[in-house]
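Step one of this worksheet: look at the structure below.
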Amino acid sequence: MLFNFGLLATLAALASASPLSSTSSSLAERNSDITRLGSVGKTLSGGTSFGNLVFVSGQVPVVNNTVVPGGIKNETAVCIEKVAAVLKEAGTDWSRVLKVTVLMQDINDFANMNEVYNAMIPDPKPARSAFEVGNLPVAGISVEIEAIAAL
């Protein structure tokens with residue numbers, strides 16, 4: 001079996017240059033180029049930006065600790081508006097979104113979710129994936145939406 005020692009040396013050099021391996025810099029210094037967006041809680045922030053990219057955490061249809069009424073269409077609209085708020089805080093908007101992930105409790109809601117999505121998201125639409133998941137993080141919600149955008 002042949003082993004590429006040049007590759008091993010390159011990987012070792014990269015690892016030693018990594019900010020994660022630096023013992024002389026503090027965590028705050030290493031993360032000073034990352035901006036936290038939206039509400040920042042104990043377990044996550046509404047999003048982060050790094051360089052020219054914005055990563056919006058999964059937004060759920062909860063307002064004032066209550067799931068919005070009206071089913072998948074209203075829930076989708078609220079999620080899209082909440083993503084828009086994080087994008088705006090970062091200095092961008094839906095026209096700069098590169099990728100969207102939609103998580104649904106029931107894939108049979110796809111057509112109704114898609115109707116609202118198509119009406120609210122500007123053309124050309126970003127790349128998108130949509131999945132049915134076993135459970136979403138808040139009881140009683142039907143959808144969660146996350147996005148990656150350019151500044």
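Starting from 1 in every chain, residues are counted up; chains themselves are A, B, ... following the order of the structure tokens, and ligands are numbered from 1 as listed.
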
Exercise for review: Find the residues near Val138 of chain A: any atom within 12 Å, counting only C-alpha atoms, skip ones fewer than 3 places away on the same chain, and give them as a ChimeraX atom specification.
Suggested key: /A:58-62,65-68,104-105,135,141-144

Exercise for review: Considering only C-alpha atoms, return as a PyMOL selection string whatever protein or nucleic-acid residues lie within 12 Å of Glu81 of chain A, sequence-local ones (same chain, fewer than 6 positions apart) excluded.
Suggested key: chain A and resi 59-63+74-75+87-88+93-94+116-117+120-121+144-146

Point to revise | Exercise: Ser49 of chain A partners within 6 Å, only C-alpha atoms, chain neighbours under 2 positions left out, as a list in words | key: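 Near Ser49 of chain A, the qualifying residues are Ile34, Thr35, Leu53 and Val54 of chain A.
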
Take the residues just selected and output them with all heavy atoms as a PDB file, in the first residue's frame.
ATOM      1  N   ILE A  34     -16.674  36.633  13.123  1.00  0.00           N
ATOM      2  CA  ILE A  34     -18.008  36.044  13.018  1.00  0.00           C
ATOM      3  C   ILE A  34     -18.997  36.973  13.712  1.00  0.00           C
ATOM      4  O   ILE A  34     -18.790  37.355  14.854  1.00  0.00           O
ATOM      5  CB  ILE A  34     -18.066  34.648  13.677  1.00  0.00           C
ATOM      6  CG1 ILE A  34     -17.099  33.687  12.991  1.00  0.00           C
ATOM      7  CG2 ILE A  34     -19.499  34.100  13.660  1.00  0.00           C
ATOM      8  CD1 ILE A  34     -16.942  32.365  13.698  1.00  0.00           C
ATOM      9  N   THR A  35     -20.068  37.345  13.012  1.00  0.00           N
ATOM     10  CA  THR A  35     -21.086  38.212  13.582  1.00  0.00           C
ATOM     11  C   THR A  35     -22.304  37.382  13.933  1.00  0.00           C
ATOM     12  O   THR A  35     -22.791  36.611  13.101  1.00  0.00           O
ATOM     13  CB  THR A  35     -21.492  39.309  12.565  1.00  0.00           C
ATOM     14  OG1 THR A  35     -20.325  40.054  12.226  1.00  0.00           O
ATOM     15  CG2 THR A  35     -22.542  40.229  13.156  1.00  0.00           C
ATOM     16  N   LEU A  53     -20.740  35.722   3.545  1.00  0.00           N
ATOM     17  CA  LEU A  53     -21.855  34.789   3.652  1.00  0.00           C
ATOM     18  C   LEU A  53     -22.651  35.016   4.929  1.00  0.00           C
ATOM     19  O   LEU A  53     -22.097  35.377   5.969  1.00  0.00           O
ATOM     20  CB  LEU A  53     -21.357  33.344   3.633  1.00  0.00           C
ATOM     21  CG  LEU A  53     -20.751  32.870   2.318  1.00  0.00           C
ATOM     22  CD1 LEU A  53     -20.191  31.460   2.481  1.00  0.00           C
ATOM     23  CD2 LEU A  53     -21.785  32.902   1.202  1.00  0.00           C
ATOM     24  N   VAL A  54     -23.940  34.766   4.828  1.00  0.00           N
ATOM     25  CA  VAL A  54     -24.847  34.836   5.976  1.00  0.00           C
ATOM     26  C   VAL A  54     -25.530  33.479   6.095  1.00  0.00           C
ATOM     27  O   VAL A  54     -26.059  32.957   5.102  1.00  0.00           O
ATOM     28  CB  VAL A  54     -25.910  35.936   5.782  1.00  0.00           C
ATOM     29  CG1 VAL A  54     -26.884  35.947   6.949  1.00  0.00           C
ATOM     30  CG2 VAL A  54     -25.249  37.289   5.605  1.00  0.00           C
TER      31      VAL A  54
END

Point to revise | Close residues, Val56 of chain A itself excluded, 8 Å, only C-alpha atoms, min 4 positions apart in chain, as a list of chain:residue names | key: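 Here the qualifying residues turn out to be A:Gly46, A:Gly47, A:Thr48, A:Val83, A:Val86, A:Leu87, A:Glu146, A:Ala147, A:Ile148.
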
Output file for the selection above: all heavy atoms, as a PDB file, in the first residue's frame:
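File again09.pdb, as written:
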ATOM      1  N   GLY A  46     -29.907  33.659  15.846  1.00  0.00           N
ATOM      2  CA  GLY A  46     -30.779  33.714  14.675  1.00  0.00           C
ATOM      3  C   GLY A  46     -30.025  33.489  13.384  1.00  0.00           C
ATOM      4  O   GLY A  46     -30.590  33.086  12.371  1.00  0.00           O
ATOM      5  N   GLY A  47     -28.736  33.732  13.433  1.00  0.00           N
ATOM      6  CA  GLY A  47     -27.884  33.518  12.275  1.00  0.00           C
ATOM      7  C   GLY A  47     -26.491  34.008  12.570  1.00  0.00           C
ATOM      8  O   GLY A  47     -26.216  34.581  13.635  1.00  0.00           O
ATOM      9  N   THR A  48     -25.603  33.795  11.628  1.00  0.00           N
ATOM     10  CA  THR A  48     -24.237  34.277  11.725  1.00  0.00           C
ATOM     11  C   THR A  48     -23.797  34.754  10.354  1.00  0.00           C
ATOM     12  O   THR A  48     -24.321  34.316   9.329  1.00  0.00           O
ATOM     13  CB  THR A  48     -23.262  33.184  12.205  1.00  0.00           C
ATOM     14  OG1 THR A  48     -23.355  32.059  11.332  1.00  0.00           O
ATOM     15  CG2 THR A  48     -23.546  32.753  13.624  1.00  0.00           C
ATOM     16  N   VAL A  83     -36.854  34.923   8.453  1.00  0.00           N
ATOM     17  CA  VAL A  83     -35.587  34.816   7.723  1.00  0.00           C
ATOM     18  C   VAL A  83     -35.219  36.190   7.167  1.00  0.00           C
ATOM     19  O   VAL A  83     -34.074  36.633   7.274  1.00  0.00           O
ATOM     20  CB  VAL A  83     -35.660  33.758   6.599  1.00  0.00           C
ATOM     21  CG1 VAL A  83     -34.443  33.847   5.682  1.00  0.00           C
ATOM     22  CG2 VAL A  83     -35.788  32.350   7.170  1.00  0.00           C
ATOM     23  N   VAL A  86     -33.572  38.506   9.722  1.00  0.00           N
ATOM     24  CA  VAL A  86     -32.159  38.198   9.994  1.00  0.00           C
ATOM     25  C   VAL A  86     -31.301  38.651   8.810  1.00  0.00           C
ATOM     26  O   VAL A  86     -30.225  39.231   8.995  1.00  0.00           O
ATOM     27  CB  VAL A  86     -31.965  36.695  10.296  1.00  0.00           C
ATOM     28  CG1 VAL A  86     -30.489  36.360  10.464  1.00  0.00           C
ATOM     29  CG2 VAL A  86     -32.740  36.292  11.543  1.00  0.00           C
ATOM     30  N   LEU A  87     -31.779  38.415   7.590  1.00  0.00           N
ATOM     31  CA  LEU A  87     -31.042  38.862   6.406  1.00  0.00           C
ATOM     32  C   LEU A  87     -30.864  40.380   6.419  1.00  0.00           C
ATOM     33  O   LEU A  87     -29.774  40.890   6.139  1.00  0.00           O
ATOM     34  CB  LEU A  87     -31.777  38.438   5.126  1.00  0.00           C
ATOM     35  CG  LEU A  87     -31.850  36.940   4.846  1.00  0.00           C
ATOM     36  CD1 LEU A  87     -32.802  36.664   3.693  1.00  0.00           C
ATOM     37  CD2 LEU A  87     -30.464  36.363   4.586  1.00  0.00           C
ATOM     38  N   GLU A 146     -34.522  27.537   6.859  1.00  0.00           N
ATOM     39  CA  GLU A 146     -33.197  28.126   7.046  1.00  0.00           C
ATOM     40  C   GLU A 146     -32.659  28.564   5.692  1.00  0.00           C
ATOM     41  O   GLU A 146     -33.151  28.109   4.650  1.00  0.00           O
ATOM     42  CB  GLU A 146     -32.240  27.149   7.726  1.00  0.00           C
ATOM     43  CG  GLU A 146     -31.936  25.917   6.903  1.00  0.00           C
ATOM     44  CD  GLU A 146     -30.989  24.950   7.596  1.00  0.00           C
ATOM     45  OE1 GLU A 146     -30.966  24.896   8.846  1.00  0.00           O
ATOM     46  OE2 GLU A 146     -30.273  24.241   6.875  1.00  0.00           O
ATOM     47  N   ALA A 147     -31.649  29.443   5.707  1.00  0.00           N
ATOM     48  CA  ALA A 147     -31.131  29.964   4.450  1.00  0.00           C
ATOM     49  C   ALA A 147     -29.649  30.322   4.563  1.00  0.00           C
ATOM     50  O   ALA A 147     -29.142  30.594   5.656  1.00  0.00           O
ATOM     51  CB  ALA A 147     -31.910  31.203   4.033  1.00  0.00           C
ATOM     52  N   ILE A 148     -28.992  30.342   3.402  1.00  0.00           N
ATOM     53  CA  ILE A 148     -27.626  30.825   3.266  1.00  0.00           C
ATOM     54  C   ILE A 148     -27.677  31.910   2.195  1.00  0.00           C
ATOM     55  O   ILE A 148     -28.239  31.706   1.120  1.00  0.00           O
ATOM     56  CB  ILE A 148     -26.657  29.716   2.847  1.00  0.00           C
ATOM     57  CG1 ILE A 148     -26.658  28.583   3.874  1.00  0.00           C
ATOM     58  CG2 ILE A 148     -25.257  30.279   2.635  1.00  0.00           C
ATOM     59  CD1 ILE A 148     -25.903  27.344   3.436  1.00  0.00           C
TER      60      ILE A 148
END

Practice item. Pull the strand (DSSP E or B) assignments for segment 29-81 of chain A out of DSSP run on the backbone, and list those residues as a ChimeraX atom specification. Key: /A:34-40,45-50,53-59,62-63,66-67
